[in-house]
Amino acid sequence: MTAQPLIRADRVSMQFTVGSSITRARRRVLTAVDQVSLDIHRGETFGLVGESGCGKTTLGRLLVRLYRPTSGTILYDGQDITSLTPQQMMPLRRKMQMIFQDPYASLDPRMTVSTIIAEPLRRTDMDRARVDARVRELLTLVGLDENHARRYPHEFSGGQRQRIGIARALAAGPEFIVCDEPISALDVSIQAQVVNMLEELQQRLGFTYLFVSHDLSMVRHISHRVGVMYLGHMVEMAPVDELFTHMAHPYTQALMSAVPIADPDASAASQRIILQGDVPNPMAPPSGCPFRTRCPVVMPVCADQKPALLDIGGGHWVACHRVGT
Amino acid sequence: MQAQPDAAAYEFIPEAERKAAEQLSRPSLSYWQDAWRRLKKDKLAMLGLAFVALMGLMAIFGPLFSPYAYDYSDFSAISQGPSAKHWFGTDALGRDLFVRILYGARISLAIGLVSALVNMIIGVVYGGVAGFVGGRTDNIMMRIVDILIALPSLLYIVILMMFMGSNIRSILIALCISSWVGTARITRSQVVSLKQQEYVLSARLAGASNWEILIRHLLPNSMGPVIVSVTFLIPSAIFSEAFLSFLGIGIQKPMASWGSLANDAIETLRSAPYQMFFPVAAISLTMFSLNFIGDGLRDALDPRLRK
């Protein structure tokens, strides 16, 4: 893939200040995303996995510029969007959208479905009749009834609400959609429906997705390439089949071994890697490699040097001292 | 052998019938329609609402139909008990108490409503901005609120009344200076928790400005608790006015408010206790009614009770 990526993040970091804002003494800095670089190509689904609090959601929000990164640059279609003001972002806003995790929190309870879906269209010069037509078209597209437009979110089930959220994301005709754990709040049967719908929409309309999830089998199903995050760092990144067959980073291996296998014989044969201890406090991350405190194959060098994310061939990138050298 | 479904036992529902069934479902209600539906089931709140509405209508139109003016003294009928001619009797100067109480209701209710309205506007804007901007601005704004709460309000209300004179305007100003702080606190806490919601992020993605997010999403969603607190502000403002007038620094004669009527009745309490009874009854019943409405609204607007 030599074409220009749709999204390019170059050593992007995001730090949050925690604590009182009057007494500066107890202020602490939390690095949610630490020097992450990645490319996402047009029409691709990039899966992002990792445990809770590893910075997946923050990275997703950075890429659509809901947050302004502390350092690093973000290019959208070749254009630097790192420090654009909200006014300057306006023409780009309709090209990037987001599908949220919690279908109960992502729809304003006081608005009707049609107002919610039409929200991204408020800034356009479409007249009322065209907006209404567009809302009906979108409702049909996501498998809801046109008559639902006048209803309120509390009248819908979780899966239906997520479809409304998707319709809203599609309203302005986006190119890039961040799916922030879009299925983790849904029943398993509904999860499949929603994921299949996302795939179908991608084929028909050519979207580019960043699919954030901690459901590894779903990520494997939907993604073309997958990135694994740990404590704000991208520790491994590879095409999906390569990652699931030749995982190189010890954290990825532990993560994969935790996926339940439906076949009891195969399950008994596979070995579960159980990590010791907890994720370190992100306000006081360990020196060197972020994973060294829990790594089963830790070496002395891991405490001194932070491993760089290196290409080990075939677009497979790993950040580990055990690999590649 | 496999069980075959008996085709005759099943039938497809015709499209028209299915559509009709869809129509039968509960009508789609907005938040406020739903709240009103629940409020209607609360008997005490509806009783309170009816009483306050009746009191309001009587206050506006009652004096127009009465043969007596509120400041007309009939010296041949001093301190007469309730009768067919003077329903609530007359006061020590021969004025008709019924008309004076209705006239007092005008002032008391107006003070209650206006101060509640002003409080709501100041409180919602102040609290909304503090909560939404956050950080140091929020800190400073809320510390100012803390200071206002810490000052004993009666003290500076009395001082203000001394300086500005005893009239309705100065009572309103005095009441409005401090009582918005409660509303501001409630609005702020609502906005602080709501601005983390994902629909706010989504509005931002849609290109909404801060102001639009505050007006379109945050304030409408924090209105429930705010309206409840304002409903409780009305009786407290009415009561403050009654209290000030009772002390003699509020409404001045010949104008009447419920508090000043009660004050007038002290001198004749032994000989004509009804002069005290009627204004006090008006105050208490209105307090009860407004508090019942507030309770009812609190229950009706609480989304956790949504059925």
# chains A, B, ... in the order shown; residues from 1 in each chain; ligands from 1
>>> closest_atom_pairs(of="chain A", to="chain B", cutoff="6 Å", atoms="only C-alpha atoms", output="JSON lines")
{"residue": "A:Ala105", "atom": "CA", "partner": "B:Glu198", "partner_atom": "CA", "distance": 5.6}
{"residue": "A:Ser106", "atom": "CA", "partner": "B:Tyr199", "partner_atom": "CA", "distance": 4.2}
{"residue": "A:Leu107", "atom": "CA", "partner": "B:Tyr199", "partner_atom": "CA", "distance": 5.3}
{"residue": "A:Asp108", "atom": "CA", "partner": "B:Tyr199", "partner_atom": "CA", "distance": 5.8}
{"residue": "A:Pro120", "atom": "CA", "partner": "B:Ala206", "partner_atom": "CA", "distance": 4.3}
{"residue": "A:Arg151", "atom": "CA", "partner": "B:Ser28", "partner_atom": "CA", "distance": 5.6}
>>> write_last_selection(atoms="N, CA, C and O atoms", output="compact mmCIF listing (two decimals), in the first residue's frame")
# COMPACT_ATOMS: atom_id res chain seq x y z
N ALA A 105 -26.28 6.63 26.48
CA ALA A 105 -25.72 7.95 26.78
C ALA A 105 -25.45 8.76 25.51
O ALA A 105 -25.20 9.95 25.58
N SER A 106 -25.51 8.11 24.36
CA SER A 106 -25.06 8.81 23.17
C SER A 106 -26.21 9.50 22.42
O SER A 106 -25.97 10.17 21.44
N LEU A 107 -27.45 9.31 22.89
CA LEU A 107 -28.58 9.99 22.26
C LEU A 107 -29.21 10.93 23.28
O LEU A 107 -29.54 10.50 24.38
N ASP A 108 -29.37 12.18 22.91
CA ASP A 108 -29.96 13.15 23.82
C ASP A 108 -31.41 12.77 24.11
O ASP A 108 -32.23 12.71 23.20
N PRO A 120 -25.97 16.44 12.57
CA PRO A 120 -24.80 16.80 11.74
C PRO A 120 -25.17 17.60 10.49
O PRO A 120 -24.30 18.16 9.84
N ARG A 151 -40.22 9.56 17.26
CA ARG A 151 -40.19 9.01 18.62
C ARG A 151 -38.98 9.51 19.39
O ARG A 151 -38.08 10.11 18.84
>>> residues_around(residues="stretch 169-175 of chain A", least_positions_apart="6", cutoff="9 Å", atoms="only C-alpha atoms", output="number ranges by chain")
A: 6, 42-43, 93-99, 117-121, 124, 134-135, 138, 205-209; B: 202, 206
>>> write_last_selection(atoms="C-alpha atoms", output="PDB file, in the first residue's frame")
ATOM      1  CA  LEU A   6      -6.409   8.685   4.937  1.00  0.00           C
ATOM      2  CA  ARG A  42      -8.860   4.448   2.696  1.00  0.00           C
ATOM      3  CA  GLY A  43     -11.490   1.689   2.817  1.00  0.00           C
ATOM      4  CA  ARG A  93     -16.173  17.746  10.554  1.00  0.00           C
ATOM      5  CA  ARG A  94     -18.680  16.098   8.275  1.00  0.00           C
ATOM      6  CA  LYS A  95     -16.007  13.757   6.939  1.00  0.00           C
ATOM      7  CA  MET A  96     -15.203  12.173  10.292  1.00  0.00           C
ATOM      8  CA  GLN A  97     -17.779  10.742  12.621  1.00  0.00           C
ATOM      9  CA  MET A  98     -17.981   8.491  15.603  1.00  0.00           C
ATOM     10  CA  ILE A  99     -20.197   5.652  16.805  1.00  0.00           C
ATOM     11  CA  ILE A 117     -30.069  12.107  13.212  1.00  0.00           C
ATOM     12  CA  ALA A 118     -30.312  15.525  11.572  1.00  0.00           C
ATOM     13  CA  GLU A 119     -27.867  17.118  14.005  1.00  0.00           C
ATOM     14  CA  PRO A 120     -24.798  16.801  11.739  1.00  0.00           C
ATOM     15  CA  LEU A 121     -26.896  18.365   8.957  1.00  0.00           C
ATOM     16  CA  THR A 124     -25.268  22.449   5.999  1.00  0.00           C
ATOM     17  CA  ARG A 134     -32.407  12.307   4.271  1.00  0.00           C
ATOM     18  CA  VAL A 135     -33.476  11.233   7.791  1.00  0.00           C
ATOM     19  CA  LEU A 138     -30.955   6.912   6.764  1.00  0.00           C
ATOM     20  CA  LEU A 205     -20.309   3.285   0.814  1.00  0.00           C
ATOM     21  CA  GLY A 206     -16.558   2.759   1.117  1.00  0.00           C
ATOM     22  CA  PHE A 207     -16.050   3.887   4.698  1.00  0.00           C
ATOM     23  CA  THR A 208     -12.789   3.737   6.581  1.00  0.00           C
ATOM     24  CA  TYR A 209     -13.184   2.481  10.142  1.00  0.00           C
TER      25      TYR A 209
ATOM     26  CA  SER B 202     -21.500  13.718  19.196  1.00  0.00           C
ATOM     27  CA  ALA B 206     -21.491  17.644  14.325  1.00  0.00           C
TER      28      ALA B 206
END
>>> residues_around(residues="stretch 255-263 of chain B", least_positions_apart="4", cutoff="8 Å", atoms="only C-alpha atoms", output="PyMOL selection string")
chain B and resi 70-71+100-101+103-105+107-108+241-248+250-251+275-276+279-280+282-283
>>> closest_residue(among="A:Val178, A:Cys302, A:Cys295, A:Ile190", to="A:Glu44", atoms="only C-alpha atoms")
A:Val178
>>> select_by_dssp(residues="stretch 28-261 of chain B", states="helix (DSSP H, G or I)", output="PyMOL selection string")
chain B and resi 31-40+43-65+97-133+135-150+153-164+168-194+198-205+210-247+258-261
>>> residues_around(residues="A:Ile164", least_positions_apart="2", cutoff="8 Å", atoms="only C-alpha atoms", output="CSV table (one decimal) with C-alpha atoms, in the first residue's frame")
chain,number,residue,atom,x,y,z
A,113,VAL,CA,-35.0,10.6,16.6
A,117,ILE,CA,-30.1,12.1,13.2
A,139,LEU,CA,-33.5,5.2,9.0
A,142,VAL,CA,-29.9,1.2,9.1
A,160,GLN,CA,-32.2,0.0,17.9
A,161,ARG,CA,-30.6,2.9,19.7
A,162,GLN,CA,-27.2,1.9,18.3
A,166,ILE,CA,-25.1,4.8,13.3
A,167,ALA,CA,-27.7,6.7,11.2
A,168,ARG,CA,-26.5,9.9,12.9
>>> residues_around(residues="A:Ile312", least_positions_apart="2", cutoff="10 Å", atoms="only C-alpha atoms", output="list of chain:residue names")
A:Ala238, A:Ala248, A:Leu309, A:Leu310, A:Gly314, A:Gly315, A:His316, A:Trp317, A:Val318, A:Ala319, A:Val323, A:Gly324, A:Thr325
>>> closest_residue(among="B:Gly123, B:Pro225, B:Gly112, B:Gly296", to="B:Leu175", atoms="only C-alpha atoms")
B:Gly112
